[in-house]
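A.B. asks: One structure coming up, written as structure tokens, with questions to follow.
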Amino acid sequence: MKDKVILEINNLHKSFDDLEVLKGIDLSIHEGEVVSIIGGSGSGKSTLLRCINYLEKKTKGEIYFEGRKVESTPKSRNEFRARVGMVFQHFYLFPHKTIINNVMMGPVIVKKKDKRLARESAYRLLEKVGLEEKADVYPDMLSGGQKQRVAIARALAMEPDIMLFDEPTSALDPELVGEVLQVIQRLAKDGMTMMIVTHEMGFAKEVSDKIIFLNEGKVAEIGTPYDIFENPKDERLKSFINSIW
């Protein structure tokens with residue numbers, strides 16, 4: 001049983017001018033839990049992750065991390081973000097730096113880690129994602145799937161307490177999706193706490209402890225994979241599942 005709440009979101013709202021995208025989100029993530037967020041286009045999935053990580057400024061609401069409120073001060077936000085790993089749809093690797101330098105940059109620059117130790121750690125992470133033989137090449141020599149695996153290693157290099165994935169396979173060709181999902185599955189087996197925005201329903205069903213269905217900026221239903229896919233209650237969820245499953 002995963003008892004410790006690592007992340008709690010209370011009454012989260014986000015508006016862009018007159019457009020209200022998030023309309024009062026409440027959710028909690030327990031340590032070691034894998035939570036997938038599903039929903040149609042425009043339901044607020046990516047905005048939710050970006051607000052959690054303060055890449056977007058929330059309009060209203062509170063975020064608690066390990067029981068402590070994340071305040072609106074830069075110091076509090078930055079301390080929180082240093083413990084949260086984020087993987088985007090696009091990889092955002094530095095093209096002029098080798099793969100291993102991409103991975104070790106964060107620990108060296110942000111955490112002031114010794115370069116030799118950072119390089120050793122980065123190499124171990126590249127082994128973890130199956131790319132140790134690519135350590136000294138540049139991003140333009142990699143496939144999209146390989147770039148995303150490097151992006152995962154780079155996020156892990158900061159030793160986060162929770163990983164946020166924003167549709168990590170949506171920019172990939174279909175034949176490259178599997179290699180990235182396998183890495184995320186291995187992280188799940190290792191006990192990493194994760195929130196994953198995904199449209200890969202089979203993957204969500206297999207890897208998740210809990211699934212959140214967003215509809216029009218609200219949590220329409222939360223449940224286990226069985227609850228969501230085999231026994232949905234919300235009519236909008238039933239329609240969503242029928243349309244894609």
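Letters A, B, ... mark the chains of the structure tokens in the order given; residue numbers begin at 1 per chain; ligand numbers begin at 1, in order shown.
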I'd like to know which residues of range 64-206 of chain A are alpha helix (DSSP H) (by DSSP, run on the backbone); could you write them as number ranges by chain?

C.D. replies: A: 74-81, 99-109, 115-128, 144-156, 174-189, 201-206

A.B. asks: Write the residues of the preceding selection, restricted to C-alpha atoms, as a compact mmCIF listing (two decimals), in the first residue's frame.

C.D. replies:
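Final file, selection-v5.txt:
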# COMPACT_ATOMS: atom_id res chain seq x y z
CA PRO A 74 10.74 32.19 -6.39
CA LYS A 75 12.77 30.40 -3.70
CA SER A 76 9.92 28.03 -2.78
CA ARG A 77 9.06 27.34 -6.43
CA ASN A 78 12.67 26.69 -7.40
CA GLU A 79 13.24 24.33 -4.46
CA PHE A 80 10.14 22.39 -5.52
CA ARG A 81 11.06 22.30 -9.21
CA ILE A 99 24.63 13.10 -25.26
CA ILE A 100 26.53 12.58 -22.03
CA ASN A 101 27.08 16.32 -21.65
CA ASN A 102 23.36 16.90 -22.11
CA VAL A 103 22.68 14.50 -19.25
CA MET A 104 25.32 15.82 -16.86
CA MET A 105 24.68 19.55 -17.39
CA GLY A 106 21.90 19.91 -14.83
CA PRO A 107 23.76 18.31 -11.91
CA VAL A 108 26.94 20.29 -12.71
CA ILE A 109 25.33 23.69 -13.25
CA LYS A 115 32.16 16.94 -13.16
CA ARG A 116 33.81 13.55 -12.87
CA LEU A 117 31.09 12.23 -10.56
CA ALA A 118 28.39 13.78 -12.75
CA ARG A 119 29.83 12.08 -15.82
CA GLU A 120 29.93 8.70 -14.07
CA SER A 121 26.33 9.13 -12.96
CA ALA A 122 25.26 10.26 -16.44
CA TYR A 123 26.86 7.19 -18.01
CA ARG A 124 24.98 4.91 -15.59
CA LEU A 125 21.75 6.63 -16.55
CA LEU A 126 22.50 6.19 -20.24
CA GLU A 127 23.02 2.50 -19.50
CA LYS A 128 19.63 2.51 -17.76
CA GLY A 144 13.43 10.51 -32.09
CA GLY A 145 12.98 7.59 -29.73
CA GLN A 146 16.63 7.72 -28.72
CA LYS A 147 16.42 11.48 -28.14
CA GLN A 148 13.43 11.01 -25.85
CA ARG A 149 15.29 8.33 -23.89
CA VAL A 150 18.16 10.80 -23.45
CA ALA A 151 15.63 13.39 -22.25
CA ILE A 152 14.42 10.89 -19.64
CA ALA A 153 18.00 10.22 -18.51
CA ARG A 154 18.60 13.97 -18.27
CA ALA A 155 15.55 14.42 -16.04
CA LEU A 156 16.63 11.47 -13.86
CA PRO A 174 4.82 4.77 -34.35
CA GLU A 175 7.70 2.30 -34.61
CA LEU A 176 9.71 4.29 -32.03
CA VAL A 177 7.00 4.57 -29.38
CA GLY A 178 7.66 1.18 -27.79
CA GLU A 179 11.28 1.83 -26.83
CA VAL A 180 10.30 4.92 -24.83
CA LEU A 181 7.36 3.22 -23.13
CA GLN A 182 9.64 0.35 -22.10
CA VAL A 183 11.95 2.79 -20.30
CA ILE A 184 8.99 4.32 -18.44
CA GLN A 185 7.74 0.85 -17.52
CA ARG A 186 11.14 0.01 -16.04
CA LEU A 187 11.03 3.22 -13.98
CA ALA A 188 7.60 2.18 -12.70
CA LYS A 189 8.97 -1.22 -11.64
CA MET A 201 -4.37 3.72 -23.68
CA GLY A 202 -2.90 0.21 -23.63
CA PHE A 203 0.20 1.55 -21.92
CA ALA A 204 -1.85 3.52 -19.39
CA LYS A 205 -3.90 0.44 -18.58
CA GLU A 206 -0.80 -1.69 -18.05

A.B. asks: Set the distance at 8 Å and use only C-alpha atoms: which residues neighbour Ile25 in chain A once local chain neighbours fewer than 4 positions away are removed? I'd like the list as a PyMOL selection string.

C.D. replies: chain A and resi 9-13+217-219

A.B. asks: Give me, please, the distance in Å between CA of Glu216 in chain A and CA of Met195 in chain A, quoted to one decimal.

C.D. replies: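 Between these atoms lies a distance of 19.2 Å.
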
A.B. asks: Leaving out Glu62 in chain A and any residue of its chain fewer than 5 positions from it, which residues lie within 12 Å of it when counting only C-alpha atoms, given as a tab-separated table (two decimals) with N, CA and C atoms, in the first residue's frame?

C.D. replies:
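Written output follows (selection.tsv):
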chain	number	residue	atom	x	y	z
A	7	LEU	N	2.47	14.44	-3.46
A	7	LEU	CA	2.00	15.64	-4.16
A	7	LEU	C	0.50	15.76	-3.99
A	8	GLU	N	0.05	16.95	-3.58
A	8	GLU	CA	-1.38	17.19	-3.42
A	8	GLU	C	-1.76	18.49	-4.12
A	9	ILE	N	-2.81	18.43	-4.92
A	9	ILE	CA	-3.29	19.59	-5.66
A	9	ILE	C	-4.69	19.92	-5.15
A	10	ASN	N	-4.89	21.16	-4.74
A	10	ASN	CA	-6.19	21.58	-4.21
A	10	ASN	C	-6.75	22.73	-5.03
A	11	ASN	N	-7.92	22.51	-5.62
A	11	ASN	CA	-8.72	23.57	-6.27
A	11	ASN	C	-7.89	24.37	-7.29
A	12	LEU	N	-7.18	23.65	-8.15
A	12	LEU	CA	-6.30	24.31	-9.12
A	12	LEU	C	-7.10	24.84	-10.30
A	13	HIS	N	-6.95	26.14	-10.56
A	13	HIS	CA	-7.59	26.80	-11.69
A	13	HIS	C	-6.52	27.43	-12.57
A	14	LYS	N	-6.79	27.44	-13.87
A	14	LYS	CA	-5.92	28.15	-14.80
A	14	LYS	C	-6.75	28.72	-15.94
A	24	GLY	N	-10.75	23.85	-11.26
A	24	GLY	CA	-10.83	23.34	-9.90
A	24	GLY	C	-10.41	21.89	-9.79
A	25	ILE	N	-9.12	21.63	-10.02
A	25	ILE	CA	-8.59	20.26	-9.99
A	25	ILE	C	-8.15	19.91	-8.57
A	26	ASP	N	-8.63	18.77	-8.08
A	26	ASP	CA	-8.19	18.20	-6.81
A	26	ASP	C	-7.65	16.80	-7.07
A	27	LEU	N	-6.44	16.56	-6.63
A	27	LEU	CA	-5.89	15.20	-6.76
A	27	LEU	C	-4.70	15.04	-5.83
A	28	SER	N	-4.37	13.79	-5.55
A	28	SER	CA	-3.21	13.49	-4.73
A	28	SER	C	-2.44	12.33	-5.35
A	51	CYS	N	1.24	23.59	-14.94
A	51	CYS	CA	0.94	24.37	-13.73
A	51	CYS	C	1.57	23.73	-12.50
A	52	ILE	N	1.55	22.40	-12.45
A	52	ILE	CA	2.17	21.72	-11.31
A	52	ILE	C	3.65	22.07	-11.22
A	54	TYR	N	5.08	24.73	-12.43
A	54	TYR	CA	5.24	26.18	-12.50
A	54	TYR	C	5.82	26.66	-13.82
A	57	LYS	N	1.77	29.83	-14.79
A	57	LYS	CA	1.35	30.40	-13.51
A	57	LYS	C	-0.11	30.06	-13.27
A	67	GLY	N	3.69	17.32	2.01
A	67	GLY	CA	2.99	17.92	3.14
A	67	GLY	C	3.23	19.41	3.34
A	68	ARG	N	4.14	19.99	2.57
A	68	ARG	CA	4.44	21.41	2.72
A	68	ARG	C	3.91	22.19	1.51
A	69	LYS	N	3.27	23.30	1.80
A	69	LYS	CA	2.72	24.12	0.72
A	69	LYS	C	3.85	24.76	-0.08
A	70	VAL	N	3.73	24.66	-1.40
A	70	VAL	CA	4.68	25.34	-2.28
A	70	VAL	C	4.21	26.79	-2.39
A	71	GLU	N	4.97	27.68	-1.81
A	71	GLU	CA	4.59	29.10	-1.79
A	71	GLU	C	4.86	29.75	-3.15
A	72	SER	N	4.35	30.95	-3.31
A	72	SER	CA	4.47	31.65	-4.60
A	72	SER	C	5.80	32.37	-4.76

A.B. asks: May I ask for the distance between CA of Gly223 in chain A and CA of Gly39 in chain A, given in Å to one decimal place?

C.D. replies: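 If I compute the distance from CA of Gly223 in chain A to CA of Gly39 in chain A, I get 13.7 Å.
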
A.B. asks: To one decimal place, how far is CA of Ser46 in chain A from CA of Ser143 in chain A in Å?

C.D. replies: 24.1 Å

A.B. asks: Pick out the closest residue to Arg236 in chain A from this set: A:Ala220, A:Val87, A:Leu22, A:Leu142. Count only C-alpha atoms.

C.D. replies: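 The shortest atom-to-atom distance to Arg236 in chain A comes from A:Ala220.
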
A.B. asks: I need the strand (DSSP E) residues of range 8-68 of chain A per DSSP on the backbone, written as a PDB file with C-alpha atoms, in the first residue's frame.

C.D. replies:
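Result saved to result-v6.pdb:
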ATOM      1  CA  GLU A   8      -1.384  17.186  -3.420  1.00  0.00           C
ATOM      2  CA  ILE A   9      -3.292  19.587  -5.663  1.00  0.00           C
ATOM      3  CA  ASN A  10      -6.186  21.581  -4.211  1.00  0.00           C
ATOM      4  CA  ASN A  11      -8.717  23.568  -6.274  1.00  0.00           C
ATOM      5  CA  LEU A  12      -6.302  24.306  -9.118  1.00  0.00           C
ATOM      6  CA  HIS A  13      -7.587  26.801 -11.686  1.00  0.00           C
ATOM      7  CA  LYS A  14      -5.919  28.148 -14.795  1.00  0.00           C
ATOM      8  CA  SER A  15      -7.275  30.690 -17.231  1.00  0.00           C
ATOM      9  CA  PHE A  16      -5.764  32.208 -20.348  1.00  0.00           C
ATOM     10  CA  LEU A  19     -10.605  30.963 -21.483  1.00  0.00           C
ATOM     11  CA  GLU A  20     -10.811  28.852 -18.331  1.00  0.00           C
ATOM     12  CA  VAL A  21      -8.768  25.695 -19.003  1.00  0.00           C
ATOM     13  CA  LEU A  22      -8.593  24.166 -15.516  1.00  0.00           C
ATOM     14  CA  LYS A  23     -11.699  24.504 -13.374  1.00  0.00           C
ATOM     15  CA  GLY A  24     -10.827  23.339  -9.896  1.00  0.00           C
ATOM     16  CA  ILE A  25      -8.588  20.264  -9.993  1.00  0.00           C
ATOM     17  CA  ASP A  26      -8.194  18.201  -6.810  1.00  0.00           C
ATOM     18  CA  LEU A  27      -5.891  15.197  -6.764  1.00  0.00           C
ATOM     19  CA  SER A  28      -3.205  13.491  -4.734  1.00  0.00           C
ATOM     20  CA  ILE A  29      -0.239  11.361  -5.769  1.00  0.00           C
ATOM     21  CA  HIS A  30       1.277   8.831  -3.378  1.00  0.00           C
ATOM     22  CA  VAL A  34       2.082   5.791 -11.307  1.00  0.00           C
ATOM     23  CA  VAL A  35      -0.802   8.038 -12.312  1.00  0.00           C
ATOM     24  CA  SER A  36      -1.860   8.453 -15.930  1.00  0.00           C
ATOM     25  CA  ILE A  37      -3.918  11.413 -17.087  1.00  0.00           C
ATOM     26  CA  ILE A  38      -6.159  10.828 -20.068  1.00  0.00           C
ATOM     27  CA  LYS A  60      -5.874  29.899  -8.242  1.00  0.00           C
ATOM     28  CA  GLY A  61      -5.250  26.868  -6.054  1.00  0.00           C
ATOM     29  CA  GLU A  62      -2.632  25.289  -3.837  1.00  0.00           C
ATOM     30  CA  ILE A  63       0.127  22.738  -4.371  1.00  0.00           C
ATOM     31  CA  TYR A  64       1.563  20.722  -1.483  1.00  0.00           C
ATOM     32  CA  PHE A  65       4.751  18.709  -1.808  1.00  0.00           C
ATOM     33  CA  ARG A  68       4.436  21.407   2.721  1.00  0.00           C
TER      34      ARG A  68
END
